[in-house]
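Colleague: Got input39.json for you, JSON, C-alpha atoms and all ligand atoms:
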```json
[["chain", "number", "residue", "atom", "x", "y", "z"],
["V", 1, "GLY", "CA", -16.72, -14.61, -25.86],
["V", 2, "ARG", "CA", -18.38, -13.56, -22.70],
["V", 3, "GLU", "CA", -18.61, -9.98, -21.43],
["V", 4, "GLU", "CA", -15.99, -9.02, -18.87],
["V", 5, "VAL", "CA", -16.92, -9.22, -15.18],
["V", 6, "SER", "CA", -16.35, -5.46, -14.95],
["V", 7, "SER", "CA", -19.02, -4.59, -17.50],
["V", 8, "PRO", "CA", -21.83, -2.88, -15.56],
["V", 9, "LYS", "CA", -24.34, -5.31, -17.01],
["V", 10, "ARG", "CA", -22.49, -8.47, -16.01],
["V", 11, "THR", "CA", -21.54, -7.09, -12.59],
["V", 12, "LYS", "CA", -25.19, -6.32, -11.84],
["V", 13, "GLU", "CA", -26.27, -9.72, -13.16],
["V", 14, "ILE", "CA", -23.77, -11.58, -10.93],
["V", 15, "ILE", "CA", -24.70, -9.56, -7.87],
["V", 16, "ALA", "CA", -28.43, -10.02, -8.41],
["V", 17, "ARG", "CA", -28.23, -13.75, -9.14],
["V", 18, "HIS", "CA", -26.19, -14.43, -5.98],
["V", 19, "GLY", "CA", -28.27, -12.07, -3.85],
["V", 20, "PHE", "CA", -25.09, -10.25, -2.83],
["V", 21, "SER", "CA", -25.38, -7.09, -0.72],
["V", 22, "PHE", "CA", -22.45, -4.67, -0.34],
["V", 23, "LYS", "CA", -20.82, -4.26, 3.07],
["V", 24, "LYS", "CA", -19.61, -0.72, 3.57],
["V", 25, "SER", "CA", -17.57, -1.82, 6.59],
["V", 26, "LEU", "CA", -15.42, -4.00, 4.30],
["V", 27, "GLY", "CA", -14.73, -1.18, 1.85],
["V", 28, "GLN", "CA", -16.66, -2.92, -0.94],
["V", 29, "ASN", "CA", -16.62, -0.67, -4.02],
["V", 30, "PHE", "CA", -16.38, -2.78, -7.16],
["V", 31, "LEU", "CA", -14.80, -1.59, -10.41],
["V", 32, "ILE", "CA", -17.03, -1.39, -13.47],
["V", 33, "ASP", "CA", -14.71, 0.35, -15.94],
["V", 34, "ARG", "CA", -12.42, -1.47, -18.33],
["V", 35, "ASN", "CA", -10.23, 1.57, -19.02],
["V", 36, "ILE", "CA", -9.24, 1.85, -15.37],
["V", 37, "LEU", "CA", -8.53, -1.88, -15.28],
["V", 38, "ASP", "CA", -6.29, -1.42, -18.35],
["V", 39, "LYS", "CA", -4.35, 1.27, -16.48],
["V", 40, "ILE", "CA", -3.95, -0.76, -13.29],
["V", 41, "VAL", "CA", -2.87, -3.92, -15.08],
["V", 42, "GLY", "CA", -0.63, -1.99, -17.49],
["V", 43, "ALA", "CA", 1.19, -0.28, -14.62],
["V", 44, "ALA", "CA", 1.94, -3.66, -13.04],
["V", 45, "GLU", "CA", 4.00, -4.73, -16.11],
["V", 46, "LEU", "CA", 3.31, -8.43, -15.56],
["V", 47, "THR", "CA", 4.67, -11.28, -17.65],
["V", 48, "LYS", "CA", 3.80, -14.97, -17.67],
["V", 49, "GLU", "CA", 6.91, -15.53, -15.55],
["V", 50, "ASP", "CA", 5.41, -13.32, -12.81],
["V", 51, "GLY", "CA", 3.00, -14.00, -10.00],
["V", 52, "ALA", "CA", 0.29, -11.59, -8.92],
["V", 53, "LEU", "CA", -1.12, -11.24, -5.43],
["V", 54, "GLU", "CA", -4.49, -9.54, -5.31],
["V", 55, "ILE", "CA", -5.96, -8.31, -2.05],
["V", 56, "GLY", "CA", -9.76, -8.11, -1.99],
["V", 57, "PRO", "CA", -10.86, -9.54, -5.36],
["V", 58, "GLY", "CA", -14.55, -8.76, -4.81],
["V", 59, "ILE", "CA", -16.38, -10.54, -7.66],
["V", 60, "GLY", "CA", -13.21, -10.89, -9.72],
["V", 61, "ALA", "CA", -13.19, -7.93, -12.15],
["V", 62, "LEU", "CA", -9.45, -7.33, -11.72],
["V", 63, "THR", "CA", -8.67, -10.98, -10.98],
["V", 64, "GLU", "CA", -9.76, -12.15, -14.43],
["V", 65, "ARG", "CA", -7.47, -9.52, -15.98],
["V", 66, "LEU", "CA", -4.55, -10.66, -13.84],
["V", 67, "ALA", "CA", -5.27, -14.24, -14.90],
["V", 68, "ASP", "CA", -4.67, -13.20, -18.52],
["V", 69, "GLN", "CA", -1.31, -11.56, -17.75],
["V", 70, "ALA", "CA", 0.39, -13.51, -14.95],
["V", 71, "GLY", "CA", 1.66, -17.06, -14.58],
["V", 72, "ALA", "CA", 0.14, -17.53, -11.13],
["V", 73, "VAL", "CA", -2.49, -15.48, -9.32],
["V", 74, "THR", "CA", -3.53, -15.62, -5.67],
["V", 75, "ALA", "CA", -6.46, -13.56, -4.47],
["V", 76, "VAL", "CA", -7.10, -13.10, -0.74],
["V", 77, "GLU", "CA", -10.71, -12.19, 0.08],
["V", 78, "ILE", "CA", -12.05, -11.73, 3.61],
["V", 79, "ASP", "CA", -15.76, -11.95, 2.77],
["V", 80, "ARG", "CA", -16.91, -15.57, 2.76],
["V", 81, "ARG", "CA", -20.02, -14.66, 0.73],
["V", 82, "LEU", "CA", -17.82, -13.80, -2.26],
["V", 83, "ILE", "CA", -16.03, -17.15, -2.44],
["V", 84, "PRO", "CA", -18.71, -19.06, -4.42],
["V", 85, "ILE", "CA", -18.99, -16.10, -6.81],
["V", 86, "LEU", "CA", -15.23, -16.04, -7.35],
["V", 87, "GLU", "CA", -15.15, -19.80, -7.89],
["V", 88, "GLU", "CA", -17.78, -19.43, -10.59],
["V", 89, "VAL", "CA", -16.26, -16.40, -12.30],
["V", 90, "LEU", "CA", -12.71, -17.74, -12.19],
["V", 91, "ALA", "CA", -13.50, -21.33, -13.18],
["V", 92, "PRO", "CA", -11.92, -20.83, -16.65],
["V", 93, "HIS", "CA", -8.59, -19.87, -15.00],
["V", 94, "PRO", "CA", -7.07, -22.84, -13.14],
["V", 95, "HIS", "CA", -3.87, -20.93, -12.27],
["V", 96, "VAL", "CA", -5.87, -18.59, -10.02],
["V", 97, "LYS", "CA", -6.12, -19.51, -6.35],
["V", 98, "VAL", "CA", -8.67, -17.86, -4.08],
["V", 99, "ARG", "CA", -8.01, -17.76, -0.36],
["V", 100, "ASN", "CA", -10.73, -16.83, 2.12],
["V", 101, "ASP", "CA", -8.69, -14.88, 4.65],
["V", 102, "ASP", "CA", -7.98, -11.51, 6.25],
["V", 103, "VAL", "CA", -4.84, -10.25, 4.53],
["V", 104, "LEU", "CA", -3.70, -8.60, 7.76],
["V", 105, "LYS", "CA", -3.66, -12.01, 9.48],
["V", 106, "VAL", "CA", -2.16, -14.10, 6.68],
["V", 107, "ASP", "CA", 1.39, -15.40, 6.98],
["V", 108, "LEU", "CA", 2.60, -13.87, 3.72],
["V", 109, "LYS", "CA", 6.01, -15.55, 3.76],
["V", 110, "ALA", "CA", 4.33, -18.96, 3.89],
["V", 111, "LEU", "CA", 1.81, -17.89, 1.23],
["V", 112, "PHE", "CA", 4.64, -16.84, -1.09],
["V", 113, "GLU", "CA", 6.43, -20.15, -0.61],
["V", 114, "GLU", "CA", 3.27, -22.12, -1.25],
["V", 115, "ASP", "CA", 1.74, -20.18, -4.14],
["V", 116, "PHE", "CA", 4.65, -18.49, -5.91],
["V", 117, "ALA", "CA", 7.42, -21.10, -5.86],
["V", 118, "SER", "CA", 7.29, -21.48, -9.64],
["V", 119, "VAL", "CA", 7.36, -17.79, -10.66],
["V", 120, "GLN", "CA", 10.26, -15.37, -11.00],
["V", 121, "GLY", "CA", 8.84, -12.23, -9.42],
["V", 122, "VAL", "CA", 5.65, -11.27, -7.63],
["V", 123, "SER", "CA", 3.69, -8.04, -7.79],
["V", 124, "VAL", "CA", 0.74, -6.95, -5.69],
["V", 125, "VAL", "CA", -2.14, -5.58, -7.74],
["V", 126, "ALA", "CA", -5.32, -4.49, -6.00],
["V", 127, "ASN", "CA", -8.20, -2.12, -5.61],
["V", 128, "LEU", "CA", -7.74, -1.90, -1.85],
["V", 129, "PRO", "CA", -10.39, -1.62, 0.84],
["V", 130, "TYR", "CA", -9.78, 2.00, 1.89],
["V", 131, "TYR", "CA", -10.35, 1.49, 5.62],
["V", 132, "VAL", "CA", -7.15, -0.59, 5.86],
["V", 133, "THR", "CA", -4.96, 0.84, 3.07],
["V", 134, "THR", "CA", -2.04, 1.92, 5.25],
["V", 135, "PRO", "CA", -1.84, -1.21, 7.46],
["V", 136, "ILE", "CA", -1.95, -3.44, 4.37],
["V", 137, "LEU", "CA", 0.77, -1.50, 2.51],
["V", 138, "MET", "CA", 2.99, -1.23, 5.57],
["V", 139, "LYS", "CA", 2.65, -4.98, 6.18],
["V", 140, "LEU", "CA", 3.66, -5.70, 2.57],
["V", 141, "LEU", "CA", 6.66, -3.36, 2.75],
["V", 142, "GLU", "CA", 7.90, -4.11, 6.27],
["V", 143, "GLU", "CA", 7.90, -7.87, 5.81],
["V", 144, "LYS", "CA", 10.49, -7.35, 3.06],
["V", 145, "LEU", "CA", 8.80, -9.82, 0.75],
["V", 146, "PRO", "CA", 10.46, -10.39, -2.62],
["V", 147, "LEU", "CA", 8.12, -7.98, -4.43],
["V", 148, "LYS", "CA", 8.60, -6.14, -7.72],
["V", 149, "ASN", "CA", 5.72, -3.71, -7.97],
["V", 150, "ILE", "CA", 2.79, -2.82, -5.80],
["V", 151, "VAL", "CA", 0.07, -1.27, -7.94],
["V", 152, "VAL", "CA", -2.95, -0.22, -5.94],
["V", 153, "MET", "CA", -6.04, 1.89, -6.14],
["V", 154, "ILE", "CA", -6.29, 3.87, -2.92],
["V", 155, "GLN", "CA", -7.70, 7.12, -1.60],
["V", 156, "LYS", "CA", -6.25, 10.00, -3.61],
["V", 157, "GLU", "CA", -5.24, 11.88, -0.48],
["V", 158, "VAL", "CA", -3.28, 8.88, 0.85],
["V", 159, "ALA", "CA", -1.59, 8.38, -2.54],
["V", 160, "GLU", "CA", -0.47, 12.02, -2.47],
["V", 161, "ARG", "CA", 0.97, 11.63, 1.01],
["V", 162, "MET", "CA", 2.89, 8.52, -0.02],
["V", 163, "ALA", "CA", 4.45, 10.22, -3.05],
["V", 164, "ALA", "CA", 5.10, 13.63, -1.42],
["V", 165, "SER", "CA", 8.51, 15.34, -1.39],
["V", 166, "PRO", "CA", 9.95, 17.29, 1.57],
["V", 167, "GLY", "CA", 8.61, 20.79, 2.10],
["V", 168, "GLY", "CA", 4.92, 20.30, 1.33],
["V", 169, "LYS", "CA", 1.91, 19.76, 3.53],
["V", 170, "ASP", "CA", 1.48, 16.17, 2.33],
["V", 171, "TYR", "CA", 4.99, 15.11, 3.41],
["V", 172, "GLY", "CA", 5.12, 13.18, 6.67],
["V", 173, "SER", "CA", 6.00, 9.90, 8.34],
["V", 174, "LEU", "CA", 3.93, 7.94, 5.79],
["V", 175, "SER", "CA", 5.89, 9.47, 2.88],
["V", 176, "ILE", "CA", 9.15, 8.53, 4.57],
["V", 177, "ALA", "CA", 8.09, 4.99, 5.44],
["V", 178, "VAL", "CA", 6.85, 4.30, 1.91],
["V", 179, "GLN", "CA", 9.85, 5.93, 0.23],
["V", 180, "TYR", "CA", 12.30, 4.05, 2.44],
["V", 181, "TYR", "CA", 11.01, 0.78, 1.00],
["V", 182, "SER", "CA", 9.89, 1.84, -2.49],
["V", 183, "GLU", "CA", 9.79, 4.43, -5.26],
["V", 184, "PRO", "CA", 6.23, 5.71, -5.48],
["V", 185, "GLU", "CA", 4.69, 7.02, -8.69],
["V", 186, "LEU", "CA", 1.15, 8.32, -9.15],
["V", 187, "ILE", "CA", -0.37, 6.65, -12.20],
["V", 188, "CYS", "CA", -3.74, 8.39, -12.46],
["V", 189, "THR", "CA", -6.63, 9.79, -10.51],
["V", 190, "VAL", "CA", -9.94, 8.00, -10.77],
["V", 191, "PRO", "CA", -13.48, 9.40, -10.78],
["V", 192, "HIS", "CA", -16.24, 8.08, -8.46],
["V", 193, "THR", "CA", -18.24, 6.85, -11.44],
["V", 194, "VAL", "CA", -16.08, 3.78, -12.11],
["V", 195, "PHE", "CA", -17.33, 2.01, -8.96],
["V", 196, "ILE", "CA", -20.51, 0.49, -7.65],
["V", 197, "PRO", "CA", -21.41, 1.63, -5.12],
["V", 198, "GLN", "CA", -19.55, 4.94, -5.52],
["V", 199, "PRO", "CA", -17.15, 5.78, -2.66],
["V", 200, "ASN", "CA", -17.31, 9.13, -0.83],
["V", 201, "VAL", "CA", -13.63, 9.88, -1.39],
["V", 202, "GLU", "CA", -11.53, 10.53, -4.46],
["V", 203, "SER", "CA", -9.32, 7.70, -5.67],
["V", 204, "ALA", "CA", -5.97, 7.28, -7.39],
["V", 205, "VAL", "CA", -3.79, 4.49, -8.72],
["V", 206, "ILE", "CA", -0.25, 4.47, -7.36],
["V", 207, "ARG", "CA", 2.69, 2.24, -8.24],
["V", 208, "LEU", "CA", 5.34, 1.47, -5.63],
["V", 209, "LYS", "CA", 8.49, 0.04, -7.18],
["V", 210, "VAL", "CA", 9.89, -1.99, -4.33],
["V", 211, "ARG", "CA", 13.56, -1.25, -3.64],
["V", 212, "GLU", "CA", 16.11, -4.01, -3.29],
["V", 213, "THR", "CA", 18.09, -1.92, -0.83],
["V", 214, "PRO", "CA", 16.97, 1.19, 1.08],
["V", 215, "PRO", "CA", 18.05, 4.58, -0.34],
["V", 216, "VAL", "CA", 19.80, 5.47, 2.94],
["V", 217, "GLU", "CA", 21.74, 3.34, 5.36],
["V", 218, "VAL", "CA", 20.76, 3.54, 9.02],
["V", 219, "GLN", "CA", 22.28, 1.84, 12.05],
["V", 220, "ASP", "CA", 18.89, 0.82, 13.44],
["V", 221, "GLU", "CA", 15.67, 0.93, 11.39],
["V", 222, "GLN", "CA", 13.39, 0.90, 14.40],
["V", 223, "HIS", "CA", 15.23, 3.86, 15.91],
["V", 224, "PHE", "CA", 15.12, 5.69, 12.56],
["V", 225, "PHE", "CA", 11.34, 5.31, 12.26],
["V", 226, "GLY", "CA", 11.00, 6.33, 15.91],
["V", 227, "VAL", "CA", 12.87, 9.58, 15.24],
["V", 228, "VAL", "CA", 10.69, 10.22, 12.17],
["V", 229, "GLN", "CA", 7.50, 9.65, 14.19],
["V", 230, "ALA", "CA", 8.73, 11.91, 16.97],
["V", 231, "SER", "CA", 9.64, 14.68, 14.52],
["V", 232, "PHE", "CA", 6.06, 14.86, 13.22],
["V", 233, "THR", "CA", 4.28, 14.53, 16.58],
["V", 234, "GLN", "CA", 3.12, 18.14, 16.31],
["V", 235, "ARG", "CA", 3.49, 19.28, 12.74],
["V", 236, "ARG", "CA", 3.59, 22.96, 13.56],
["V", 237, "LYS", "CA", 6.39, 22.60, 16.09],
["V", 238, "THR", "CA", 10.08, 22.76, 15.24],
["V", 239, "ILE", "CA", 12.18, 19.63, 15.06],
["V", 240, "ALA", "CA", 13.94, 20.72, 18.28],
["V", 241, "ASN", "CA", 10.68, 21.06, 20.20],
["V", 242, "ASN", "CA", 9.32, 17.74, 18.99],
["V", 243, "LEU", "CA", 12.56, 15.90, 19.79],
["V", 244, "LYS", "CA", 12.84, 17.61, 23.16],
["V", 245, "ALA", "CA", 9.40, 16.38, 24.17],
["V", 246, "ARG", "CA", 10.19, 12.81, 23.10],
["V", 247, "TYR", "CA", 13.86, 12.27, 23.98],
["V", 248, "PHE", "CA", 15.15, 15.15, 26.09],
["V", 249, "ALA", "CA", 12.55, 15.52, 28.81],
["V", 250, "LYS", "CA", 15.25, 15.41, 31.50],
["V", 251, "GLU", "CA", 18.43, 16.38, 29.68],
["V", 252, "GLY", "CA", 18.88, 19.98, 28.70],
["V", 253, "ARG", "CA", 18.08, 21.69, 25.45],
["V", 254, "GLU", "CA", 21.79, 22.40, 25.03],
["V", 255, "ARG", "CA", 22.65, 18.73, 24.53],
["V", 256, "LEU", "CA", 19.88, 18.40, 21.96],
["V", 257, "GLU", "CA", 21.15, 21.42, 20.03],
["V", 258, "GLU", "CA", 24.69, 19.99, 20.05],
["V", 259, "LEU", "CA", 23.46, 16.78, 18.52],
["V", 260, "LEU", "CA", 21.33, 18.56, 15.93],
["V", 261, "ALA", "CA", 24.40, 20.59, 14.97],
["V", 262, "GLU", "CA", 26.39, 17.38, 14.67],
["V", 263, "ALA", "CA", 23.74, 16.07, 12.28],
["V", 264, "GLY", "CA", 23.82, 19.37, 10.37],
["V", 265, "ILE", "CA", 20.21, 20.30, 11.12],
["V", 266, "GLU", "CA", 19.01, 23.75, 12.20],
["V", 267, "PRO", "CA", 16.90, 23.40, 15.39],
["V", 268, "SER", "CA", 14.31, 25.84, 13.99],
["V", 269, "ARG", "CA", 13.41, 23.61, 11.06],
["V", 270, "ARG", "CA", 10.22, 21.60, 10.93],
["V", 271, "GLY", "CA", 10.11, 17.86, 10.37],
["V", 272, "GLU", "CA", 8.33, 18.34, 7.07],
["V", 273, "THR", "CA", 11.46, 19.93, 5.56],
["V", 274, "LEU", "CA", 13.86, 17.09, 6.37],
["V", 275, "SER", "CA", 14.90, 14.66, 3.64],
["V", 276, "LEU", "CA", 15.29, 10.92, 4.12],
["V", 277, "GLU", "CA", 19.09, 11.44, 4.23],
["V", 278, "GLU", "CA", 18.76, 14.03, 7.00],
["V", 279, "PHE", "CA", 16.49, 11.82, 9.08],
["V", 280, "ALA", "CA", 18.95, 8.95, 8.63],
["V", 281, "ARG", "CA", 21.88, 11.11, 9.81],
["V", 282, "LEU", "CA", 19.86, 12.45, 12.73],
["V", 283, "SER", "CA", 18.86, 8.96, 13.83],
["V", 284, "ASP", "CA", 22.46, 7.72, 13.68],
["V", 285, "VAL", "CA", 23.78, 10.72, 15.65],
["V", 286, "LEU", "CA", 21.14, 10.33, 18.36],
["V", 287, "LEU", "CA", 21.72, 6.57, 18.54],
["V", 288, "ALA", "CA", 25.50, 7.01, 18.87],
["V", 289, "ALA", "CA", 24.87, 9.48, 21.70],
["V", 290, "GLY", "CA", 22.78, 6.88, 23.50],
["V", 291, "VAL", "CA", 19.48, 8.69, 22.81],
["E", 1, "LIG", "N1", -11.10, -6.04, -6.54],
["E", 1, "LIG", "C1", -12.53, -5.77, -6.58],
["E", 1, "LIG", "C2", -12.82, -4.72, -7.63],
["E", 1, "LIG", "O1", -11.89, -3.98, -7.95],
["E", 1, "LIG", "O2", -13.95, -4.64, -8.09],
["E", 1, "LIG", "C3", -13.07, -5.34, -5.19],
["E", 1, "LIG", "C4", -12.37, -4.16, -4.54],
["E", 1, "LIG", "S1", -13.15, -3.58, -3.07],
["E", 1, "LIG", "C5", -12.57, -1.88, -3.07],
["E", 1, "LIG", "C6", -12.19, -4.23, -1.72],
["E", 1, "LIG", "C7", -12.32, -5.74, -1.46],
["E", 1, "LIG", "O3", -11.48, -6.08, -0.35],
["E", 1, "LIG", "C8", -13.71, -6.23, -1.08],
["E", 1, "LIG", "O4", -14.02, -7.36, -1.85],
["E", 1, "LIG", "C9", -13.60, -6.60, 0.41],
["E", 1, "LIG", "O5", -14.48, -7.62, 0.81],
["E", 1, "LIG", "C10", -12.15, -7.01, 0.52],
["E", 1, "LIG", "N2", -11.53, -6.89, 1.85],
["E", 1, "LIG", "C11", -11.81, -5.96, 2.81],
["E", 1, "LIG", "N3", -11.00, -6.12, 3.87],
["E", 1, "LIG", "C12", -10.17, -7.16, 3.58],
["E", 1, "LIG", "C13", -9.13, -7.82, 4.30],
["E", 1, "LIG", "N4", -8.76, -7.41, 5.53],
["E", 1, "LIG", "N5", -8.51, -8.87, 3.72],
["E", 1, "LIG", "C14", -8.86, -9.29, 2.48],
["E", 1, "LIG", "N6", -9.84, -8.70, 1.76],
["E", 1, "LIG", "C15", -10.49, -7.65, 2.30]]
```
Produce structure tokens that represent the structure in this file.
Modeller:
Amino acid sequence: GREEVSSPKRTKEIIARHGFSFKKSLGQNFLIDRNILDKIVGAAELTKEDGALEIGPGIGALTERLADQAGAVTAVEIDRRLIPILEEVLAPHPHVKVRNDDVLKVDLKALFEEDFASVQGVSVVANLPYYVTTPILMKLLEEKLPLKNIVVMIQKEVAERMAASPGGKDYGSLSIAVQYYSEPELICTVPHTVFIPQPNVESAVIRLKVRETPPVEVQDEQHFFGVVQASFTQRRKTIANNLKARYFAKEGRERLEELLAEAGIEPSRRGETLSLEEFARLSDVLLAAGV
């Protein structure tokens, strides 16, 4: 049969024939390495009973792989210039739907109902545009969509922050947000050479196994994430100093220390040492005290 879209030769041929020029502002770095595609698709563990949502299909290198593995594929691409290319490349795969849209503006609940009614589970599989990695992932997680896995290529540094454990320099509010909704696992790091054009940052593939229920129970999720944010406002400050600035501007330090004691947290600790369980307890104690 035909060479894969990701082969450097075919990628260059498609780009040249359509007169396509890369837009840096859209994070356009296309994959030209079949081994990396194997790893991404393998980590997604798709079956024909599954749907796959791809964000940013580019010219379809990953999309054609997903078409082989999944029962239904939807690819959301913001760049109108890529739509005719995708229609051509994906013509042999009628169960692939391409949508010309900004994923941050799409009503994902409606998209799921429309495109994935006939499949059992849905996973997101993508080589993400790096300038919007965090907003895209937080949208996917916060909307509590019925997702199995999220397998994405992202900046290595962001992947490390998402998967970080308490105590290290990478651990922060992003780690906590991601780990509240999912179990992250680094799959592999990826060299610059597998893309055209090559990005300036290092990349990694990460899998987020989406949780059915959060690992900790909190009275109020919004309050919980507020406390987490506040605790990392100034990384080098203690938890007591960060919370004082945010919640105890008027009330005394004494009251704050009482509540920290009630939550079992030493005031001299830094946010980066607190586990998810400790943040959950702290949020509930503060909330019960009307803070
Ligand atoms: N999947 C292709 C591959 O691996 O070769 C392309 C990946 S490229 C890193 C990111 C893609 O996301 C580009 O095609 C870009 O146009 C698209 N994109 C950027 N911002 C987007 C957005 N907000 N919504 C949907 N697609 C977007």
Colleague: Produce as a count of residues only the set of residues near ligand LIG 1 (chain E), where near means within 8 Å with only C-alpha atoms and all ligand atoms considered.
Modeller: 39
Colleague: With distances taken over only C-alpha atoms, which of V:Ala52, V:His18, V:Ile36, V:Ser25 is nearest to Leu86 in chain V?
Modeller: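 Nearest to Leu86 in chain V: V:His18.
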Colleague: What is the CA of Gly172 in chain V to CA of Met138 in chain V distance in Å?
Modeller: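 Computing it gives 14.6 Å between the two atoms.
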Colleague: If I put a ball of radius 10 Å at (12.3, 4.3, 10.7) in the file's coordinates, which residues poke into it when counting all atoms listed in the file, written as JSON, numbers by chain?
Modeller: {"V": [173, 176, 177, 180, 218, 220, 221, 222, 223, 224, 225, 226, 227, 228, 229, 276, 279, 280, 283]}
Colleague: Just want the 9 Å neighbourhood of Pro191 in chain V, counted on all atoms listed in the file, with same-chain residues fewer than 2 positions away dropped. Output as a PyMOL selection string.
Modeller: chain V and resi 189+193-195+202-204
Colleague: Can you work out which one of V:Lys250, V:Lys156, V:Val89, V:Asn241 has the shortest atom-to-atom distance to Ser268 in chain V, counting all atoms listed in the file?
Modeller: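 Using all atoms listed in the file, the shortest distance to Ser268 in chain V belongs to V:Asn241.
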